[in-house]
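A.B. asks: File follows, final-v7.cif with mmCIF, C-alpha atoms and all ligand atoms:
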data_final
#
loop_
_atom_site.label_atom_id
_atom_site.label_comp_id
_atom_site.auth_asym_id
_atom_site.auth_seq_id
_atom_site.Cartn_x
_atom_site.Cartn_y
_atom_site.Cartn_z
CA MET N 1 4.92 -29.87 20.79
CA LEU N 2 7.34 -29.30 23.56
CA THR N 3 5.46 -30.65 26.47
CA THR N 4 5.66 -34.17 25.09
CA LYS N 5 9.41 -33.88 25.60
CA SER N 6 9.38 -32.17 28.99
CA PRO N 7 7.85 -34.67 31.43
CA GLY N 8 10.34 -36.77 33.30
CA TYR N 9 13.12 -34.22 33.22
CA ARG N 10 14.53 -33.28 36.60
CA HIS N 11 16.85 -30.48 35.54
CA LEU N 12 14.96 -28.97 32.58
CA PHE N 13 11.71 -27.07 32.80
CA GLY N 14 9.47 -25.38 30.27
CA PRO N 15 9.97 -23.74 27.89
CA VAL N 16 8.48 -21.25 30.32
CA PRO N 17 6.89 -17.95 29.34
CA SER N 18 9.69 -15.72 30.51
CA ARG N 19 8.72 -12.07 30.69
CA ARG N 20 12.34 -11.22 29.94
CA LEU N 21 13.35 -13.84 27.36
CA GLY N 22 10.22 -14.93 25.54
CA ARG N 23 10.12 -18.75 25.51
CA SER N 24 12.97 -20.01 27.63
CA LEU N 25 13.90 -23.61 28.36
CA GLY N 26 15.18 -23.54 31.92
CA ILE N 27 18.24 -25.53 32.97
CA ASP N 28 18.27 -25.85 36.74
CA LEU N 29 21.72 -26.57 38.20
CA VAL N 30 21.08 -26.24 41.92
CA PRO N 31 18.53 -27.96 44.14
CA HIS N 32 15.85 -25.94 45.86
CA LYS N 33 16.84 -23.63 47.49
CA ILE N 34 20.54 -22.92 47.38
CA CYS N 35 21.61 -19.37 46.74
CA THR N 36 24.08 -16.67 47.77
CA LEU N 37 21.14 -14.41 48.62
CA ASP N 38 17.73 -14.71 50.25
CA CYS N 39 15.78 -11.96 48.48
CA VAL N 40 12.53 -10.80 50.03
CA TYR N 41 10.82 -11.02 46.64
CA CYS N 42 12.17 -14.45 45.65
CA GLU N 43 9.52 -16.46 43.82
CA CYS N 44 11.18 -19.77 44.67
CA GLY N 45 10.71 -19.55 48.43
CA ALA N 46 13.14 -18.88 51.25
CA THR N 47 16.79 -19.83 50.82
CA THR N 48 17.58 -22.89 52.88
CA THR N 49 21.33 -22.98 52.16
CA ARG N 50 22.96 -19.57 51.77
CA THR N 51 26.45 -20.29 50.51
CA LEU N 52 29.28 -19.08 48.26
CA GLU N 53 30.60 -22.59 47.63
CA ARG N 54 30.82 -23.59 43.96
CA ARG N 55 30.46 -27.31 43.56
CA ALA N 56 28.59 -29.96 41.54
CA TRP N 57 25.28 -29.44 43.34
CA VAL N 58 23.62 -31.73 40.76
CA ASP N 59 25.21 -34.39 38.57
CA PRO N 60 26.41 -32.64 35.38
CA ASP N 61 26.22 -35.90 33.41
CA ALA N 62 22.53 -36.16 34.26
CA VAL N 63 21.99 -32.59 33.02
CA MET N 64 23.81 -33.36 29.77
CA ALA N 65 21.77 -36.54 29.25
CA GLU N 66 18.53 -34.58 29.60
CA LEU N 67 19.73 -31.88 27.22
CA GLU N 68 20.77 -34.52 24.66
CA SER N 69 17.29 -35.97 24.89
CA TRP N 70 15.56 -32.59 24.64
CA LEU N 71 17.61 -31.50 21.65
CA ALA N 72 17.15 -34.77 19.77
CA PRO N 73 14.43 -34.64 17.09
CA SER N 74 11.46 -36.84 17.84
CA ASP N 75 8.62 -38.13 15.68
CA ALA N 76 6.17 -36.04 17.67
CA ALA N 77 8.12 -32.83 17.42
CA ALA N 78 10.88 -32.76 14.88
CA ASP N 79 11.23 -29.01 15.23
CA ALA N 80 10.69 -28.83 18.99
CA PRO N 81 14.06 -27.38 19.98
CA ALA N 82 13.53 -24.41 17.66
CA ALA N 83 10.47 -23.48 19.73
CA ALA N 84 12.67 -22.09 22.49
CA ASP N 85 14.10 -18.59 22.15
CA TYR N 86 16.81 -19.29 24.72
CA LEU N 87 18.29 -22.18 26.66
CA THR N 88 18.70 -20.53 30.02
CA PHE N 89 20.70 -21.49 33.07
CA SER N 90 18.25 -20.47 35.77
CA GLY N 91 15.94 -22.07 38.28
CA ALA N 92 15.28 -22.28 41.97
CA GLY N 93 18.67 -21.00 43.10
CA GLU N 94 21.88 -19.35 41.83
CA PRO N 95 23.25 -21.17 38.73
CA THR N 96 26.81 -19.83 39.04
CA LEU N 97 27.14 -21.86 42.24
CA HIS N 98 27.47 -24.97 40.07
CA ALA N 99 31.17 -25.72 39.53
CA ASP N 100 30.55 -27.17 36.04
CA LEU N 101 28.54 -24.26 34.64
CA GLY N 102 31.28 -23.33 32.17
CA ARG N 103 31.82 -26.90 31.03
CA LEU N 104 28.09 -27.38 30.49
CA ALA N 105 27.79 -24.11 28.58
CA ALA N 106 30.69 -25.00 26.25
CA TRP N 107 29.30 -28.50 25.71
CA LEU N 108 25.83 -27.13 24.92
CA ALA N 109 27.09 -24.41 22.58
CA GLY N 110 28.65 -27.16 20.47
CA ARG N 111 25.29 -28.87 20.04
CA THR N 112 22.71 -26.21 19.29
CA GLN N 113 22.21 -22.91 17.50
CA ILE N 114 19.72 -21.78 20.15
CA PRO N 115 21.32 -18.92 22.07
CA LEU N 116 22.41 -19.63 25.63
CA ALA N 117 21.48 -17.30 28.46
CA LEU N 118 22.20 -17.05 32.16
CA LEU N 119 20.00 -15.53 34.84
CA THR N 120 22.23 -14.70 37.77
CA ASN N 121 22.25 -12.53 40.84
CA GLY N 122 25.80 -11.60 39.85
CA THR N 123 27.29 -11.98 43.29
CA LEU N 124 29.99 -14.48 42.24
CA LEU N 125 31.05 -12.63 39.10
CA GLY N 126 33.96 -10.97 40.87
CA ASP N 127 35.74 -14.30 40.20
CA ARG N 128 37.73 -13.87 36.97
CA ALA N 129 37.78 -17.63 36.32
CA LEU N 130 33.99 -17.78 36.51
CA ARG N 131 33.67 -14.85 34.10
CA ALA N 132 35.91 -16.72 31.64
CA GLU N 133 33.58 -19.74 31.86
CA LEU N 134 30.73 -17.63 30.55
CA ALA N 135 32.24 -16.99 27.11
CA PRO N 136 29.92 -19.46 25.27
CA LEU N 137 26.85 -17.54 26.39
CA SER N 138 25.04 -15.02 24.20
CA LEU N 139 23.24 -13.24 26.99
CA ILE N 140 23.77 -12.67 30.69
CA CYS N 141 21.01 -11.18 32.82
CA PRO N 142 22.46 -10.16 36.18
CA SER N 143 20.55 -8.37 38.91
CA LEU N 144 21.22 -5.21 40.84
CA ASP N 145 18.54 -4.03 43.24
CA ALA N 146 20.51 -1.78 45.59
CA VAL N 147 23.78 0.07 45.88
CA SER N 148 23.75 1.28 49.48
CA GLU N 149 24.77 -1.50 51.82
CA ASP N 150 21.78 -1.19 54.15
CA VAL N 151 19.23 -1.43 51.35
CA PHE N 152 21.20 -4.33 49.79
CA GLY N 153 20.96 -6.07 53.14
CA ARG N 154 17.22 -5.47 53.45
CA ILE N 155 16.15 -6.50 49.99
CA ASN N 156 18.67 -9.21 49.05
CA ARG N 157 19.59 -10.52 52.54
CA PRO N 158 23.03 -11.64 51.31
CA HIS N 159 25.59 -14.12 52.57
CA PRO N 160 27.59 -12.23 55.23
CA SER N 161 30.68 -12.05 52.99
CA LEU N 162 28.90 -10.19 50.20
CA THR N 163 28.61 -6.44 49.76
CA ALA N 164 26.77 -4.19 47.34
CA ALA N 165 30.05 -2.50 46.43
CA GLY N 166 31.54 -5.87 45.54
CA LEU N 167 28.54 -6.69 43.37
CA VAL N 168 28.82 -3.42 41.43
CA ASP N 169 32.55 -3.99 40.89
CA ALA N 170 31.84 -7.54 39.68
CA LEU N 171 29.30 -6.26 37.14
CA ILE N 172 31.75 -3.66 35.86
CA ALA N 173 34.35 -6.41 35.42
CA LEU N 174 31.79 -8.56 33.62
CA ARG N 175 31.14 -5.77 31.13
CA GLN N 176 34.86 -5.50 30.44
CA ASP N 177 35.28 -9.26 29.90
CA PHE N 178 32.04 -10.36 28.26
CA PRO N 179 31.41 -9.48 24.60
CA GLY N 180 27.79 -10.71 24.52
CA GLN N 181 24.65 -8.96 25.62
CA ILE N 182 24.22 -7.90 29.24
CA TRP N 183 20.67 -7.12 30.33
CA LEU N 184 20.69 -5.83 33.88
CA GLU N 185 17.56 -6.40 35.92
CA VAL N 186 16.56 -3.94 38.61
CA LEU N 187 13.61 -5.05 40.72
CA LEU N 188 11.86 -2.42 42.81
CA VAL N 189 9.97 -3.13 46.01
CA GLU N 190 7.83 -0.40 47.47
CA GLY N 191 9.39 1.29 50.48
CA ILE N 192 12.68 -0.63 50.29
CA ASN N 193 14.64 0.38 47.20
CA ASP N 194 12.45 2.92 45.40
CA SER N 195 13.54 6.07 47.26
CA ASP N 196 15.01 8.95 45.22
CA SER N 197 18.37 8.51 46.90
CA GLU N 198 18.60 4.79 46.09
CA LEU N 199 17.44 5.36 42.52
CA ASP N 200 20.17 7.99 42.12
CA LEU N 201 22.77 5.50 43.36
CA LEU N 202 21.43 2.84 41.03
CA ALA N 203 21.55 5.25 38.07
CA ASP N 204 25.17 6.05 38.83
CA ALA N 205 26.06 2.35 39.11
CA ILE N 206 24.25 1.58 35.84
CA ALA N 207 26.27 4.27 34.06
CA ARG N 208 29.48 2.64 35.32
CA ILE N 209 28.39 -0.91 34.48
CA ALA N 210 27.16 0.09 30.99
CA PRO N 211 24.83 -2.86 30.31
CA ASP N 212 23.15 -3.18 26.91
CA ARG N 213 19.73 -2.97 28.51
CA VAL N 214 18.19 -2.35 31.90
CA GLN N 215 15.03 -4.34 32.55
CA LEU N 216 12.96 -2.70 35.22
CA ASN N 217 10.84 -5.10 37.18
CA THR N 218 8.79 -5.15 40.34
CA ALA N 219 7.53 -7.76 42.75
CA ALA N 220 4.67 -8.97 40.58
CA ARG N 221 4.52 -12.60 41.74
CA PRO N 222 4.08 -13.89 45.28
CA GLY N 223 7.44 -13.69 47.04
CA THR N 224 9.20 -15.03 50.12
CA ASP N 225 8.07 -12.13 52.29
CA PRO N 226 4.27 -11.82 51.94
CA THR N 227 4.31 -8.26 53.30
CA ILE N 228 6.19 -6.73 50.38
CA THR N 229 4.31 -4.99 47.61
CA ALA N 230 5.06 -4.07 44.04
CA ALA N 231 6.46 -0.61 43.48
CA PRO N 232 3.83 1.86 42.30
CA GLN N 233 3.84 3.22 38.76
CA ALA N 234 5.23 6.52 40.03
CA SER N 235 8.34 4.75 41.35
CA LEU N 236 8.83 2.90 38.09
CA ALA N 237 8.50 6.18 36.19
CA ARG N 238 11.07 7.88 38.44
CA ALA N 239 13.45 4.98 37.90
CA LEU N 240 13.00 4.99 34.13
CA ALA N 241 13.65 8.71 34.00
CA ARG N 242 16.95 8.24 35.85
CA PHE N 243 18.20 5.08 34.15
CA GLY N 244 18.12 6.51 30.62
CA SER N 245 17.08 5.21 27.23
CA ILE N 246 18.52 1.70 27.75
CA ALA N 247 15.93 1.07 30.47
CA ALA N 248 12.47 -0.33 29.88
CA PRO N 249 9.86 -2.15 31.95
CA VAL N 250 9.90 -5.92 31.65
CA ALA N 251 7.45 -6.85 28.92
CA THR N 252 4.45 -8.99 29.69
CA PHE N 253 4.64 -12.33 27.94
CA THR N 254 1.67 -12.90 25.69
CA ALA N 255 0.41 -15.91 23.81
CA ALA N 256 1.38 -14.12 20.61
CA ALA N 257 5.00 -14.33 21.70
CA ALA N 258 4.78 -18.07 21.87
CA SER N 259 5.86 -19.89 18.76
CA THR N 260 3.52 -22.76 19.55
CA SER N 261 -0.16 -21.94 19.47
CA ALA N 262 -2.93 -23.77 21.22
CA SER N 263 -4.10 -25.08 17.88
CA ASP N 264 -0.73 -26.80 17.46
CA ALA N 265 -1.24 -28.69 20.66
CA VAL N 266 -1.50 -32.43 20.49
CA SER N 267 -3.38 -34.49 22.96
CA GLU N 268 -1.28 -35.33 25.96
CA ALA N 269 -1.92 -37.60 28.90
CA PRO N 270 -3.10 -35.60 31.93
CA ALA N 271 -0.31 -37.11 34.01
CA GLN N 272 2.29 -35.80 31.56
CA LEU N 273 0.68 -32.40 31.47
CA ALA N 274 0.50 -32.30 35.26
CA GLU N 275 4.19 -33.10 35.42
CA ALA N 276 5.06 -30.37 32.92
CA LEU N 277 2.93 -27.86 34.83
CA LEU N 278 4.53 -28.78 38.16
CA ALA N 279 8.02 -28.57 36.65
CA VAL N 280 7.38 -24.91 35.86
CA ILE N 281 5.67 -23.79 39.06
CA ARG N 282 8.18 -25.56 41.28
CA ARG N 283 10.63 -22.92 40.04
CA ARG N 284 8.27 -19.96 40.20
CA PRO N 285 4.57 -19.13 40.53
CA GLU N 286 2.75 -18.68 37.22
CA THR N 287 -0.71 -17.80 35.95
CA LEU N 288 -2.91 -20.24 34.11
CA ALA N 289 -2.99 -18.05 31.00
CA ARG N 290 0.78 -17.81 30.69
CA LEU N 291 1.18 -21.52 31.40
CA ALA N 292 -1.33 -22.26 28.66
CA ALA N 293 0.59 -20.12 26.19
CA SER N 294 3.89 -21.67 27.20
CA LEU N 295 2.79 -25.28 27.26
CA GLY N 296 0.64 -25.03 24.15
CA HIS N 297 -2.63 -26.09 25.79
CA ASP N 298 -5.96 -24.38 26.11
CA GLU N 299 -6.70 -22.86 29.48
CA LEU N 300 -9.67 -25.10 30.17
CA THR N 301 -7.62 -28.31 29.87
CA LEU N 302 -4.92 -26.86 32.02
CA LYS N 303 -7.43 -25.63 34.59
CA ARG N 304 -8.81 -29.15 35.02
CA VAL N 305 -5.33 -30.51 35.59
CA ALA N 306 -4.56 -27.71 38.04
CA GLN N 307 -7.75 -28.39 39.98
CA GLN N 308 -6.80 -32.05 40.31
CA LEU N 309 -3.35 -31.09 41.55
CA GLU N 310 -4.88 -28.64 44.02
CA ALA N 311 -7.21 -31.34 45.32
CA GLN N 312 -4.17 -33.59 45.78
CA GLY N 313 -2.42 -30.85 47.73
CA GLN N 314 0.33 -30.40 45.15
CA LEU N 315 -0.41 -26.77 44.43
CA ARG N 316 -2.29 -23.80 45.83
CA THR N 317 -3.45 -20.55 44.30
CA GLU N 318 -2.82 -17.00 45.43
CA ARG N 319 -4.16 -13.66 44.14
CA ARG N 320 -1.57 -11.00 43.45
CA ASP N 321 -2.07 -7.75 41.54
CA HIS N 322 -5.38 -8.89 40.01
CA GLU N 323 -3.91 -12.18 38.79
CA THR N 324 -4.20 -15.69 40.20
CA TYR N 325 -0.93 -17.58 40.52
CA LEU N 326 -0.44 -21.33 40.82
CA ILE N 327 2.17 -22.12 43.47
CA ALA N 328 3.73 -25.55 44.06
CA THR N 329 3.33 -26.80 47.61
CA VAL N 330 5.78 -29.67 47.14
CA ARG N 331 9.25 -28.90 45.77
S1 LIG A 1 15.58 -14.05 43.66
FE1 LIG A 1 17.32 -15.14 42.76
S2 LIG A 1 19.07 -14.33 43.85
FE2 LIG A 1 17.30 -13.81 45.09
S3 LIG A 1 17.08 -15.51 46.56
FE3 LIG A 1 15.80 -16.01 44.78
S4 LIG A 1 17.12 -17.27 43.49
FE4 LIG A 1 18.47 -16.20 44.94
#
Here is the file; what I need is its structure written in the form of structure tokens.
Ligand code: SF4

C.D. replies:
Amino acid sequence: MLTTKSPGYRHLFGPVPSRRLGRSLGIDLVPHKICTLDCVYCECGATTTRTLERRAWVDPDAVMAELESWLAPSDAAADAPAAADYLTFSGAGEPTLHADLGRLAAWLAGRTQIPLALLTNGTLLGDRALRAELAPLSLICPSLDAVSEDVFGRINRPHPSLTAAGLVDALIALRQDFPGQIWLEVLLVEGINDSDSELDLLADAIARIAPDRVQLNTAARPGTDPTITAAPQASLARALARFGSIAAPVATFTAAAASTSASDAVSEAPAQLAEALLAVIRRRPETLARLAASLGHDELTLKRVAQQLEAQGQLRTERRDHETYLIATVR
């Protein structure tokens, strides 16, 4: 039962029900909200520090101590680590900004058979030394939402030194250097990057990058800019037709995908469960149903905890595309 191991961690969260990776234990290497971009659809809130500086934004020893603890068998959950499909460098910011990412990945690869993944916006991957650091990973999921510079500026609101052309070149270089899987995410926002001309440019860039998969996504969760809307099905269909057979919509995570069922759940103090819930939604908004599947609790129990947190002002709810999301109000 994973949640008994999760409370108290500052740099680990989940395993969360990732629509792209199944059950993913998140490893958060940058404080909220440090990134090279400030995407309009970002689920983590507006970027407060937009930077290209790689440094030890959090103490790497503290991250290693938490991972040691999480990986260690416990009486309550001897097989807990196996319940994650990936250990994923991700979180409320850009993980490649951490100067010790490579050292942490190599250290972790020596301690677990669980595959390591990285969710990245890709903007720093033009750095050959950084690409070399990523060798211990099994999977890299970079993003590419636009190829024309004006659309890149509108949707990703980058650091002034970044360009879309530089990002595409960096992803091509990654493909040449990295032998593992590369799953490229393209996220469409209605009226910004779903025009025929931009989709044509994206298709051409995808052909040059040659990722193993393209995961097509849209702004499903509440984002930084409340005025943006998810791309309509017609836009997703036009994109899929252009991107070829390696492209597919991001799958919806279901309880069946979780390796821990509600019936496996053990009783857990509400305070611990509240902490585990907050650890997830501080990184991104999530629905009650997916949280229940991820955390191995029934929805009713989780709903009571969420209502208490809402009454305390620690979370709020927001409707989006017929689903209700829990959003942390305190980061
Ligand atoms: S979506 Fe990712 S890349 Fe964009 S601002 Fe948020 S954390 Fe940064």

A.B. asks: Just checking: using all atoms listed in the file, which residue out of N:Phe243, N:Phe13, N:Phe152, N:Trp57 ends up closest to Asp100 of chain N?

C.D. replies: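 Nearest to Asp100 of chain N: N:Trp57.
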
A.B. asks: Restricting the calculation to all atoms listed in the file: of N:Arg157, N:Arg319, N:Arg19, N:His11, which residue gets closest to Glu66 of chain N?

C.D. replies: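 Among the listed residues, the smallest separation from Glu66 of chain N belongs to N:His11.
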
A.B. asks: Return as a PyMOL selection string every polymer residue, whether protein, DNA or RNA, with at least one atom no more than 10 Å from an atom of ligand LIG 1 (chain A); count all atoms listed in the file.

C.D. replies: chain N and resi 30+32-48+50+90-95+119-123+142-144+155-158+187+223-224+283-284

A.B. asks: Using all atoms listed in the file, which protein or nucleic acid residues come within 12 Å of Ser245 of chain N? Drop anything in the same chain fewer than 6 positions from it, and give the result as a list in words.

C.D. replies: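 In the requested form, the answer reads Ala203, Ile206, Ala207, Ala210, Pro211, Asp212, Arg213, Val214, Gln215, Leu216 and Ala239 of chain N.
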
A.B. asks: So, counting all atoms listed in the file, which residue among N:Arg10, N:Arg54, N:Arg320, N:Arg131 is closest to Ile27 of chain N?

C.D. replies: N:Arg10

A.B. asks: Calculate how many Å separate atom CA of Arg282 of chain N from atom CA of Glu53 of chain N, rounding to one decimal.

C.D. replies: 23.5 Å

A.B. asks: Would you give the centre and edge lengths, in Å to one decimal, of a box along x, y and z around the listed atoms of segment 208-212 of chain N, with 3 Å added to each side, as AutoDock Vina command-line options?

C.D. replies:
--center_x 26.3 --center_y -0.3 --center_z 31.1 --size_x 12.3 --size_y 11.8 --size_z 14.4

A.B. asks: Would you mind reading off the distance between atom CA of Arg304 of chain N and atom CA of Val280 of chain N, one decimal, in Å?

C.D. replies: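 Interatomic distance, atom CA of Arg304 of chain N to atom CA of Val280 of chain N: 16.8 Å.
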
A.B. asks: In file coordinates, which residues lie within 7 Å of (20.7, -9.2, 30.7) using all atoms listed in the file, given as a list of chain:residue names?

C.D. replies: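 Output of the proximity query reads N:Leu139, N:Ile140, N:Cys141, N:Pro142, N:Gln181, N:Ile182, N:Trp183, N:Leu184, N:Glu185, N:Arg213.
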
A.B. asks: Give the answer as one residue: which of N:Pro179, N:Gly14, N:Gly153, N:Pro160 has the shortest atom-to-atom distance to Pro136 of chain N, using only C-alpha atoms?

C.D. replies: N:Pro179

A.B. asks: In Å to one decimal, how far is atom CA of Pro226 of chain N from atom CA of Glu318 of chain N?

C.D. replies: 10.9 Å

A.B. asks: Name all residues at most 8 Å from Val168 of chain N (count only C-alpha atoms; drop same-chain ones fewer than 6 positions away) and give them as number ranges by chain.

C.D. replies: N: 144, 147, 205, 209

A.B. asks: Near Glu190 of chain N, within 7 Å and counting only C-alpha atoms, which residues show up once chain neighbours fewer than 3 positions away are dropped, as a ChimeraX atom specification?

C.D. replies: /N:193-194,229-232

A.B. asks: Between N:Val63, N:Leu201, N:Val250, N:Leu134, which is the closest to Leu21 of chain N once you count all atoms listed in the file?

C.D. replies: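 That would be N:Val250, the residue with the smallest distance to Leu21 of chain N.
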